>>> print(open('upload.pdb').read())   # PDB, C-alpha atoms
MODEL        1
ATOM      1  CA  MET A   1       0.000   0.000   0.000
ATOM      2  CA  ASN A   2       1.350   3.413  -0.977
ATOM      3  CA  ARG A   3       1.202   5.705   2.090
ATOM      4  CA  ASP A   4       1.231   8.932   0.070
ATOM      5  CA  GLU A   5      -1.617   7.822  -2.194
ATOM      6  CA  LEU A   6      -3.660   6.686   0.806
ATOM      7  CA  ALA A   7      -3.013  10.030   2.523
ATOM      8  CA  GLY A   8      -4.169  11.986  -0.527
ATOM      9  CA  PHE A   9      -7.208   9.789  -0.912
ATOM     10  CA  LEU A  10      -8.245  10.288   2.726
ATOM     11  CA  ARG A  11      -7.883  14.060   2.450
ATOM     12  CA  SER A  12      -9.972  14.216  -0.722
ATOM     13  CA  ARG A  13     -12.716  11.995   0.708
ATOM     14  CA  ARG A  14     -12.822  13.962   3.986
ATOM     15  CA  ALA A  15     -13.320  17.203   2.070
ATOM     16  CA  ARG A  16     -16.443  15.980   0.313
ATOM     17  CA  VAL A  17     -18.364  14.809   3.434
ATOM     18  CA  THR A  18     -20.278  17.461   5.370
ATOM     19  CA  PRO A  19     -21.087  17.214   9.095
ATOM     20  CA  SER A  20     -24.803  16.984   8.307
ATOM     21  CA  ASP A  21     -24.109  13.944   6.082
ATOM     22  CA  VAL A  22     -22.993  11.972   9.126
ATOM     23  CA  GLY A  23     -25.307  13.492  11.719
ATOM     24  CA  LEU A  24     -22.850  15.940  13.297
ATOM     25  CA  PRO A  25     -23.518  19.599  14.086
ATOM     26  CA  GLY A  26     -22.008  22.122  11.709
ATOM     27  CA  GLY A  27     -20.160  24.022  14.419
ATOM     28  CA  GLY A  28     -20.106  27.416  12.709
ATOM     29  CA  ARG A  29     -17.745  28.513   9.956
ATOM     30  CA  ARG A  30     -15.003  26.130   8.838
ATOM     31  CA  ARG A  31     -11.701  27.061   7.282
ATOM     32  CA  THR A  32     -11.897  24.122   4.870
ATOM     33  CA  PRO A  33     -14.858  22.171   3.429
ATOM     34  CA  GLY A  34     -15.840  18.785   4.748
ATOM     35  CA  LEU A  35     -15.175  17.073   8.048
ATOM     36  CA  ARG A  36     -12.446  17.917  10.527
ATOM     37  CA  ARG A  37      -9.787  15.284  11.189
ATOM     38  CA  GLN A  38     -11.030  14.873  14.739
ATOM     39  CA  GLU A  39     -14.541  14.138  13.453
ATOM     40  CA  VAL A  40     -13.304  11.441  11.079
ATOM     41  CA  ALA A  41     -11.280   9.845  13.865
ATOM     42  CA  GLN A  42     -14.325   9.931  16.138
ATOM     43  CA  LEU A  43     -16.568   8.343  13.508
ATOM     44  CA  ALA A  44     -13.988   5.648  12.734
ATOM     45  CA  GLY A  45     -13.325   4.863  16.402
ATOM     46  CA  MET A  46      -9.598   5.685  16.393
ATOM     47  CA  SER A  47      -7.330   8.259  17.994
ATOM     48  CA  ILE A  48      -6.926  11.639  16.334
ATOM     49  CA  ASP A  49      -3.130  11.202  16.421
ATOM     50  CA  TYR A  50      -3.334   7.934  14.478
ATOM     51  CA  TYR A  51      -5.636   9.432  11.862
ATOM     52  CA  ILE A  52      -3.394  12.489  11.435
ATOM     53  CA  ARG A  53      -0.433  10.193  10.806
ATOM     54  CA  LEU A  54      -2.437   8.382   8.100
ATOM     55  CA  GLU A  55      -3.281  11.673   6.390
ATOM     56  CA  GLN A  56       0.367  12.697   6.556
ATOM     57  CA  GLY A  57       1.600   9.428   5.051
ATOM     58  CA  ARG A  58       3.307   8.338   8.286
ATOM     59  CA  GLY A  59       2.974   5.454  10.674
ATOM     60  CA  PRO A  60       2.224   1.741  10.130
ATOM     61  CA  HIS A  61       0.088   0.322   7.341
ATOM     62  CA  PRO A  62      -3.566   0.259   8.470
ATOM     63  CA  SER A  63      -5.311  -3.073   8.869
ATOM     64  CA  ARG A  64      -8.372  -4.105   6.856
ATOM     65  CA  GLN A  65     -10.501  -3.380   9.925
ATOM     66  CA  VAL A  66      -9.153   0.182  10.077
ATOM     67  CA  LEU A  67      -9.726   0.677   6.345
ATOM     68  CA  GLY A  68     -13.285  -0.586   6.731
ATOM     69  CA  ALA A  69     -13.942   1.810   9.604
ATOM     70  CA  LEU A  70     -12.568   4.709   7.554
ATOM     71  CA  GLY A  71     -14.703   3.694   4.593
ATOM     72  CA  ARG A  72     -17.829   3.826   6.739
ATOM     73  CA  ALA A  73     -16.817   7.120   8.356
ATOM     74  CA  LEU A  74     -16.130   8.770   4.998
ATOM     75  CA  MET A  75     -19.274   7.280   3.415
ATOM     76  CA  LEU A  76     -17.456   5.618   0.527
ATOM     77  CA  ASP A  77     -20.104   4.591  -1.967
ATOM     78  CA  GLN A  78     -20.704   1.007  -3.073
ATOM     79  CA  ASP A  79     -21.302   1.674  -6.766
ATOM     80  CA  GLU A  80     -21.995  -0.918  -9.474
ATOM     81  CA  ARG A  81     -18.275  -1.617  -9.911
ATOM     82  CA  ASN A  82     -17.889  -3.185  -6.460
ATOM     83  CA  VAL A  83     -16.561  -6.369  -8.116
ATOM     84  CA  ILE A  84     -13.257  -4.487  -8.323
ATOM     85  CA  ARG A  85     -13.250  -4.012  -4.553
ATOM     86  CA  TRP A  86     -14.186  -7.660  -4.073
ATOM     87  CA  VAL A  87     -11.467  -9.151  -6.243
ATOM     88  CA  PHE A  88      -8.673  -6.987  -4.812
ATOM     89  CA  MET A  89      -9.789  -6.346  -1.223
ATOM     90  CA  SER A  90     -11.911  -9.275  -0.030
ATOM     91  CA  PRO A  91     -10.003 -11.364   2.537
ATOM     92  CA  GLY A  92     -12.158 -14.414   1.691
ATOM     93  CA  ILE A  93     -11.707 -14.432  -2.082
ATOM     94  CA  ALA A  94      -9.447 -17.494  -1.900
ATOM     95  CA  GLU A  95     -12.506 -19.463  -0.787
ATOM     96  CA  HIS A  96     -14.142 -18.812  -4.168
ATOM     97  CA  LEU A  97     -11.332 -18.447  -6.751
ATOM     98  CA  SER A  98      -8.017 -20.240  -7.154
ATOM     99  CA  ASP A  99      -4.861 -18.106  -7.326
ATOM    100  CA  GLU A 100      -4.609 -18.652 -11.089
ATOM    101  CA  GLU A 101      -8.269 -17.873 -11.655
ATOM    102  CA  LYS A 102      -8.123 -14.817  -9.419
ATOM    103  CA  GLY A 103      -5.142 -13.508 -11.386
ATOM    104  CA  ARG A 104      -6.944 -13.859 -14.725
ATOM    105  CA  PHE A 105     -10.117 -12.299 -13.363
ATOM    106  CA  ALA A 106      -8.229  -9.400 -11.773
ATOM    107  CA  ARG A 107      -6.379  -8.620 -15.011
ATOM    108  CA  ALA A 108      -9.591  -8.752 -17.077
ATOM    109  CA  SER A 109     -11.463  -6.595 -14.567
ATOM    110  CA  VAL A 110      -8.809  -3.863 -14.574
ATOM    111  CA  ALA A 111      -8.585  -3.893 -18.388
ATOM    112  CA  ASP A 112     -12.366  -3.554 -18.556
ATOM    113  CA  LEU A 113     -12.277  -0.710 -16.032
ATOM    114  CA  ARG A 114      -9.751   1.028 -18.282
ATOM    115  CA  VAL A 115     -12.339   0.912 -21.070
ATOM    116  CA  ALA A 116     -14.991   2.483 -18.834
ATOM    117  CA  ALA A 117     -12.574   5.166 -17.616
ATOM    118  CA  GLY A 118     -11.789   6.109 -21.203
ATOM    119  CA  ARG A 119     -15.445   6.126 -22.214
ATOM    120  CA  TYR A 120     -16.555   8.234 -19.238
ATOM    121  CA  PRO A 121     -13.536  10.427 -18.341
ATOM    122  CA  ASP A 122     -15.651  12.876 -16.325
ATOM    123  CA  ASP A 123     -17.434  10.264 -14.195
ATOM    124  CA  ARG A 124     -16.658  11.186 -10.567
ATOM    125  CA  ALA A 125     -17.554   7.741  -9.200
ATOM    126  CA  LEU A 126     -15.168   6.044 -11.619
ATOM    127  CA  ARG A 127     -12.339   8.445 -10.798
ATOM    128  CA  ALA A 128     -12.947   7.953  -7.083
ATOM    129  CA  LEU A 129     -12.930   4.172  -7.466
ATOM    130  CA  VAL A 130      -9.623   4.208  -9.336
ATOM    131  CA  ALA A 131      -8.063   6.574  -6.781
ATOM    132  CA  GLU A 132      -9.292   4.392  -3.927
ATOM    133  CA  MET A 133      -7.891   1.191  -5.415
ATOM    134  CA  LEU A 134      -4.560   2.794  -6.322
ATOM    135  CA  ALA A 135      -4.221   3.857  -2.694
ATOM    136  CA  LEU A 136      -5.276   0.566  -1.142
ATOM    137  CA  SER A 137      -4.129  -2.228  -3.475
ATOM    138  CA  PRO A 138      -0.572  -2.593  -4.820
ATOM    139  CA  GLU A 139      -1.831  -5.432  -7.050
ATOM    140  CA  PHE A 140      -4.422  -3.149  -8.635
ATOM    141  CA  ALA A 141      -1.827  -0.382  -9.050
ATOM    142  CA  GLU A 142       0.524  -2.769 -10.862
ATOM    143  CA  LEU A 143      -2.188  -3.919 -13.269
ATOM    144  CA  TRP A 144      -3.479  -0.369 -13.806
ATOM    145  CA  ALA A 145       0.019   0.767 -14.767
ATOM    146  CA  ARG A 146       0.062  -1.732 -17.642
ATOM    147  CA  HIS A 147      -2.591   0.327 -19.488
ATOM    148  CA  GLU A 148      -4.238  -2.804 -20.876
ATOM    149  CA  VAL A 149      -7.643  -2.165 -22.459
ATOM    150  CA  GLU A 150     -10.082  -4.985 -23.099
ATOM    151  CA  VAL A 151     -13.883  -5.161 -23.081
ATOM    152  CA  ARG A 152     -15.104  -8.255 -21.280
ATOM    153  CA  ARG A 153     -17.322 -10.374 -23.524
ATOM    154  CA  GLU A 154     -16.853 -14.095 -22.888
ATOM    155  CA  GLN A 155     -14.441 -15.889 -20.606
ATOM    156  CA  ARG A 156     -14.213 -19.095 -18.653
ATOM    157  CA  LYS A 157     -14.219 -18.875 -14.904
ATOM    158  CA  GLN A 158     -13.693 -21.470 -12.181
ATOM    159  CA  VAL A 159     -15.713 -20.864  -9.017
ATOM    160  CA  ILE A 160     -15.192 -22.806  -5.793
ATOM    161  CA  HIS A 161     -18.448 -23.223  -3.850
ATOM    162  CA  PRO A 162     -18.279 -24.492  -0.233
ATOM    163  CA  VAL A 163     -21.217 -26.894  -0.746
ATOM    164  CA  VAL A 164     -21.314 -28.096  -4.371
ATOM    165  CA  GLY A 165     -17.586 -27.831  -5.053
ATOM    166  CA  THR A 166     -15.804 -26.555  -8.171
ATOM    167  CA  ILE A 167     -17.860 -25.075 -11.010
ATOM    168  CA  ASP A 168     -16.239 -24.411 -14.406
ATOM    169  CA  ALA A 169     -18.492 -21.712 -15.818
ATOM    170  CA  ILE A 170     -18.743 -19.794 -19.078
ATOM    171  CA  CYS A 171     -19.155 -16.093 -18.301
ATOM    172  CA  GLN A 172     -20.864 -14.077 -21.046
ATOM    173  CA  VAL A 173     -21.122 -10.289 -20.859
ATOM    174  CA  LEU A 174     -23.907  -8.939 -23.075
ATOM    175  CA  PRO A 175     -24.679  -5.258 -23.811
ATOM    176  CA  VAL A 176     -28.140  -3.987 -22.888
ATOM    177  CA  PRO A 177     -29.888  -2.472 -25.967
ATOM    178  CA  ASP A 178     -30.126   1.342 -25.880
ATOM    179  CA  ARG A 179     -28.119   1.427 -22.615
ATOM    180  CA  ASP A 180     -24.425   1.329 -23.457
ATOM    181  CA  ASP A 181     -23.557   1.890 -19.787
ATOM    182  CA  LEU A 182     -25.267  -1.361 -18.687
ATOM    183  CA  ARG A 183     -24.348  -4.987 -19.342
ATOM    184  CA  LEU A 184     -25.945  -8.318 -18.520
ATOM    185  CA  VAL A 185     -23.647 -11.005 -17.101
ATOM    186  CA  LEU A 186     -24.672 -14.642 -17.661
ATOM    187  CA  TYR A 187     -23.025 -17.714 -16.156
ATOM    188  CA  THR A 188     -23.617 -21.007 -17.964
ATOM    189  CA  THR A 189     -22.001 -24.463 -18.001
ATOM    190  CA  GLU A 190     -21.461 -27.226 -20.548
ATOM    191  CA  PRO A 191     -24.666 -29.369 -20.671
ATOM    192  CA  GLY A 192     -24.227 -32.704 -18.918
ATOM    193  CA  SER A 193     -20.898 -31.767 -17.338
ATOM    194  CA  PRO A 194     -20.094 -32.128 -13.613
ATOM    195  CA  SER A 195     -20.252 -28.343 -13.386
ATOM    196  CA  HIS A 196     -23.724 -28.386 -14.948
ATOM    197  CA  ARG A 197     -24.902 -30.873 -12.317
ATOM    198  CA  ALA A 198     -23.270 -28.815  -9.556
ATOM    199  CA  LEU A 199     -25.076 -25.707 -10.777
ATOM    200  CA  ARG A 200     -28.399 -27.598 -10.739
ATOM    201  CA  ASP A 201     -27.690 -28.773  -7.192
ATOM    202  CA  LEU A 202     -26.931 -25.200  -6.187
ATOM    203  CA  ARG A 203     -30.207 -24.031  -7.718
ATOM    204  CA  ARG A 204     -32.138 -26.662  -5.735
ATOM    205  CA  LEU A 205     -30.396 -25.611  -2.537
ATOM    206  CA  THR A 206     -31.243 -21.977  -3.213
ATOM    207  CA  LEU A 207     -34.918 -22.694  -3.889
ATOM    208  CA  SER A 208     -35.268 -24.871  -0.800
ATOM    209  CA  SER A 209     -33.686 -22.360   1.571
TER     210      SER A 209
ENDMDL
END
>>> encode(input="upload.pdb", output="structure tokens")
Amino acid sequence: MNRDELAGFLRSRRARVTPSDVGLPGGGRRRTPGLRRQEVAQLAGMSIDYYIRLEQGRGPHPSRQVLGALGRALMLDQDERNVIRWVFMSPGIAEHLSDEEKGRFARASVADLRVAAGRYPDDRALRALVAEMLALSPEFAELWARHEVEVRREQRKQVIHPVVGTIDAICQVLPVPDRDDLRLVLYTTEPGSPSHRALRDLRRLTLSS
């Protein structure tokens, strides 16, 4: 994790959240927009000294728990591209994807995000997502620096389910007519294959629950 990028990200996110957004009193005139450092520390349940060190790019690397608390305090949005956060930040991703599969999926996801960033250069949510991931994930930063551009259409994906086991799926990404900003993602399997039977078992489990 790059301390300087995290520090800049925290400062920019703090500036966009108002006291009323998080249920705090305004407290009169403020020299700068957004929350005070003390207010962010209070909302995240940490000391003001520790938070100041984070904003100054000093101190130890924050844990996932600390990052989660800061995300809640700064009201980071969970937009439609949260698959990026999942693949790079989820501590339990190894339970669902093998290392090889995760690597392929991560590369394809970043290349696809590059396409969206080029198509919508003024989209604030996209810019914020990229800034967040650059600050928090060295793996994302490395892939982003490659400047690979690729629209996801069809790929094979191996998913590890805790009940039905391994599923080798075909992932198809289809454009939605008249909505070029939306896509439909379909997961299918080869008819008659073990993965097909596993998917049917999973469907029965879902319907019976």
>>> closest_atom_pairs(input="upload.pdb", of="stretch 73-131 of chain A", to="stretch 40-52 of chain A", cutoff="12 Å", atoms="all atoms listed in the file", output="JSON lines")
{"residue": "A:Ala73", "atom": "CA", "partner": "A:Leu43", "partner_atom": "CA", "distance": 5.3}
{"residue": "A:Leu74", "atom": "CA", "partner": "A:Val40", "partner_atom": "CA", "distance": 7.2}
{"residue": "A:Met75", "atom": "CA", "partner": "A:Leu43", "partner_atom": "CA", "distance": 10.5}
>>> residues_around(input="upload.pdb", residues="stretch 143-145 of chain A", least_positions_apart="5", cutoff="10 Å", atoms="all atoms listed in the file", output="VMD selection string")
chain A and resid 106 to 111 113 to 114 130 133 to 134 138
>>> residues_around(input="upload.pdb", residues="A:Tyr187", least_positions_apart="5", cutoff="12 Å", atoms="all atoms listed in the file", output="short mmCIF file (atom, residue, chain, number, x, y, z; two decimals) with C-alpha atoms, in the frame of the given file")
data_model
loop_
_atom_site.label_atom_id
_atom_site.label_comp_id
_atom_site.auth_asym_id
_atom_site.auth_seq_id
_atom_site.Cartn_x
_atom_site.Cartn_y
_atom_site.Cartn_z
CA ARG A 153 -17.32 -10.37 -23.52
CA GLU A 154 -16.85 -14.10 -22.89
CA GLN A 155 -14.44 -15.89 -20.61
CA ARG A 156 -14.21 -19.10 -18.65
CA LYS A 157 -14.22 -18.88 -14.90
CA GLN A 158 -13.69 -21.47 -12.18
CA VAL A 159 -15.71 -20.86 -9.02
CA ILE A 167 -17.86 -25.08 -11.01
CA ASP A 168 -16.24 -24.41 -14.41
CA ALA A 169 -18.49 -21.71 -15.82
CA ILE A 170 -18.74 -19.79 -19.08
CA CYS A 171 -19.16 -16.09 -18.30
CA GLN A 172 -20.86 -14.08 -21.05
CA VAL A 173 -21.12 -10.29 -20.86
CA LEU A 174 -23.91 -8.94 -23.08
CA SER A 195 -20.25 -28.34 -13.39
CA HIS A 196 -23.72 -28.39 -14.95
CA LEU A 199 -25.08 -25.71 -10.78
#
>>> residues_around(input="upload.pdb", residues="A:Thr18", least_positions_apart="3", cutoff="7 Å", atoms="all atoms listed in the file", output="list in words")
Asp21, Gly34 and Leu35 of chain A
>>> closest_residue(input="upload.pdb", among="A:Ile93, A:Val163, A:Leu129, A:Val149", to="A:Val115", atoms="all atoms listed in the file")
A:Val149
>>> decode(input="upload.pdb", residues="stretch 137-166 of chain A", atoms="N, CA and C atoms", output="PDB file, in the first residue's frame")
ATOM      1  N   SER A 137      -4.524  -0.919  -2.946  1.00  0.00           N
ATOM      2  CA  SER A 137      -4.129  -2.228  -3.475  1.00  0.00           C
ATOM      3  C   SER A 137      -2.916  -2.124  -4.385  1.00  0.00           C
ATOM      4  N   PRO A 138      -1.748  -2.577  -3.945  1.00  0.00           N
ATOM      5  CA  PRO A 138      -0.572  -2.593  -4.820  1.00  0.00           C
ATOM      6  C   PRO A 138      -0.793  -3.464  -6.051  1.00  0.00           C
ATOM      7  N   GLU A 139      -1.551  -4.557  -5.907  1.00  0.00           N
ATOM      8  CA  GLU A 139      -1.831  -5.432  -7.050  1.00  0.00           C
ATOM      9  C   GLU A 139      -2.625  -4.692  -8.117  1.00  0.00           C
ATOM     10  N   PHE A 140      -3.648  -3.948  -7.686  1.00  0.00           N
ATOM     11  CA  PHE A 140      -4.422  -3.149  -8.635  1.00  0.00           C
ATOM     12  C   PHE A 140      -3.528  -2.105  -9.298  1.00  0.00           C
ATOM     13  N   ALA A 141      -2.695  -1.429  -8.509  1.00  0.00           N
ATOM     14  CA  ALA A 141      -1.827  -0.382  -9.050  1.00  0.00           C
ATOM     15  C   ALA A 141      -0.893  -0.938 -10.122  1.00  0.00           C
ATOM     16  N   GLU A 142      -0.370  -2.150  -9.884  1.00  0.00           N
ATOM     17  CA  GLU A 142       0.524  -2.769 -10.862  1.00  0.00           C
ATOM     18  C   GLU A 142      -0.203  -3.064 -12.169  1.00  0.00           C
ATOM     19  N   LEU A 143      -1.413  -3.611 -12.063  1.00  0.00           N
ATOM     20  CA  LEU A 143      -2.188  -3.919 -13.269  1.00  0.00           C
ATOM     21  C   LEU A 143      -2.642  -2.643 -13.976  1.00  0.00           C
ATOM     22  N   TRP A 144      -3.025  -1.629 -13.212  1.00  0.00           N
ATOM     23  CA  TRP A 144      -3.479  -0.369 -13.806  1.00  0.00           C
ATOM     24  C   TRP A 144      -2.353   0.295 -14.590  1.00  0.00           C
ATOM     25  N   ALA A 145      -1.131   0.148 -14.105  1.00  0.00           N
ATOM     26  CA  ALA A 145       0.019   0.767 -14.767  1.00  0.00           C
ATOM     27  C   ALA A 145       0.348   0.112 -16.103  1.00  0.00           C
ATOM     28  N   ARG A 146      -0.192  -1.063 -16.362  1.00  0.00           N
ATOM     29  CA  ARG A 146       0.062  -1.732 -17.642  1.00  0.00           C
ATOM     30  C   ARG A 146      -0.721  -1.105 -18.794  1.00  0.00           C
ATOM     31  N   HIS A 147      -1.769  -0.357 -18.476  1.00  0.00           N
ATOM     32  CA  HIS A 147      -2.591   0.327 -19.488  1.00  0.00           C
ATOM     33  C   HIS A 147      -3.234  -0.661 -20.475  1.00  0.00           C
ATOM     34  N   GLU A 148      -3.559  -1.843 -20.012  1.00  0.00           N
ATOM     35  CA  GLU A 148      -4.238  -2.804 -20.876  1.00  0.00           C
ATOM     36  C   GLU A 148      -5.714  -2.438 -20.992  1.00  0.00           C
ATOM     37  N   VAL A 149      -6.253  -2.520 -22.195  1.00  0.00           N
ATOM     38  CA  VAL A 149      -7.643  -2.165 -22.459  1.00  0.00           C
ATOM     39  C   VAL A 149      -8.317  -3.348 -23.140  1.00  0.00           C
ATOM     40  N   GLU A 150      -9.387  -3.833 -22.530  1.00  0.00           N
ATOM     41  CA  GLU A 150     -10.082  -4.985 -23.099  1.00  0.00           C
ATOM     42  C   GLU A 150     -11.519  -5.030 -22.567  1.00  0.00           C
ATOM     43  N   VAL A 151     -12.484  -5.041 -23.476  1.00  0.00           N
ATOM     44  CA  VAL A 151     -13.883  -5.161 -23.081  1.00  0.00           C
ATOM     45  C   VAL A 151     -14.187  -6.617 -22.783  1.00  0.00           C
ATOM     46  N   ARG A 152     -14.749  -6.882 -21.626  1.00  0.00           N
ATOM     47  CA  ARG A 152     -15.104  -8.255 -21.280  1.00  0.00           C
ATOM     48  C   ARG A 152     -16.322  -8.704 -22.082  1.00  0.00           C
ATOM     49  N   ARG A 153     -16.196  -9.827 -22.765  1.00  0.00           N
ATOM     50  CA  ARG A 153     -17.322 -10.374 -23.524  1.00  0.00           C
ATOM     51  C   ARG A 153     -17.610 -11.806 -23.087  1.00  0.00           C
ATOM     52  N   GLU A 154     -16.667 -12.713 -23.321  1.00  0.00           N
ATOM     53  CA  GLU A 154     -16.853 -14.095 -22.888  1.00  0.00           C
ATOM     54  C   GLU A 154     -15.549 -14.620 -22.331  1.00  0.00           C
ATOM     55  N   GLN A 155     -15.623 -15.279 -21.202  1.00  0.00           N
ATOM     56  CA  GLN A 155     -14.441 -15.889 -20.606  1.00  0.00           C
ATOM     57  C   GLN A 155     -14.861 -17.074 -19.768  1.00  0.00           C
ATOM     58  N   ARG A 156     -13.934 -17.940 -19.515  1.00  0.00           N
ATOM     59  CA  ARG A 156     -14.213 -19.095 -18.653  1.00  0.00           C
ATOM     60  C   ARG A 156     -13.726 -18.793 -17.247  1.00  0.00           C
ATOM     61  N   LYS A 157     -14.518 -19.201 -16.293  1.00  0.00           N
ATOM     62  CA  LYS A 157     -14.219 -18.875 -14.904  1.00  0.00           C
ATOM     63  C   LYS A 157     -14.456 -20.105 -14.040  1.00  0.00           C
ATOM     64  N   GLN A 158     -13.553 -20.355 -13.115  1.00  0.00           N
ATOM     65  CA  GLN A 158     -13.693 -21.470 -12.181  1.00  0.00           C
ATOM     66  C   GLN A 158     -14.055 -20.922 -10.807  1.00  0.00           C
ATOM     67  N   VAL A 159     -15.206 -21.338 -10.312  1.00  0.00           N
ATOM     68  CA  VAL A 159     -15.713 -20.864  -9.017  1.00  0.00           C
ATOM     69  C   VAL A 159     -15.718 -22.024  -8.038  1.00  0.00           C
ATOM     70  N   ILE A 160     -15.224 -21.777  -6.830  1.00  0.00           N
ATOM     71  CA  ILE A 160     -15.192 -22.806  -5.793  1.00  0.00           C
ATOM     72  C   ILE A 160     -16.302 -22.525  -4.789  1.00  0.00           C
ATOM     73  N   HIS A 161     -17.322 -23.400  -4.775  1.00  0.00           N
ATOM     74  CA  HIS A 161     -18.448 -23.223  -3.850  1.00  0.00           C
ATOM     75  C   HIS A 161     -18.269 -24.145  -2.647  1.00  0.00           C
ATOM     76  N   PRO A 162     -18.528 -23.665  -1.430  1.00  0.00           N
ATOM     77  CA  PRO A 162     -18.279 -24.492  -0.233  1.00  0.00           C
ATOM     78  C   PRO A 162     -19.164 -25.724  -0.130  1.00  0.00           C
ATOM     79  N   VAL A 163     -20.289 -25.761  -0.848  1.00  0.00           N
ATOM     80  CA  VAL A 163     -21.217 -26.894  -0.746  1.00  0.00           C
ATOM     81  C   VAL A 163     -21.125 -27.813  -1.962  1.00  0.00           C
ATOM     82  N   VAL A 164     -21.255 -27.263  -3.164  1.00  0.00           N
ATOM     83  CA  VAL A 164     -21.314 -28.096  -4.371  1.00  0.00           C
ATOM     84  C   VAL A 164     -19.949 -28.285  -5.023  1.00  0.00           C
ATOM     85  N   GLY A 165     -18.928 -27.622  -4.530  1.00  0.00           N
ATOM     86  CA  GLY A 165     -17.586 -27.831  -5.053  1.00  0.00           C
ATOM     87  C   GLY A 165     -17.224 -26.894  -6.201  1.00  0.00           C
ATOM     88  N   THR A 166     -16.339 -27.373  -7.081  1.00  0.00           N
ATOM     89  CA  THR A 166     -15.804 -26.555  -8.171  1.00  0.00           C
ATOM     90  C   THR A 166     -16.781 -26.496  -9.347  1.00  0.00           C
TER      91      THR A 166
END
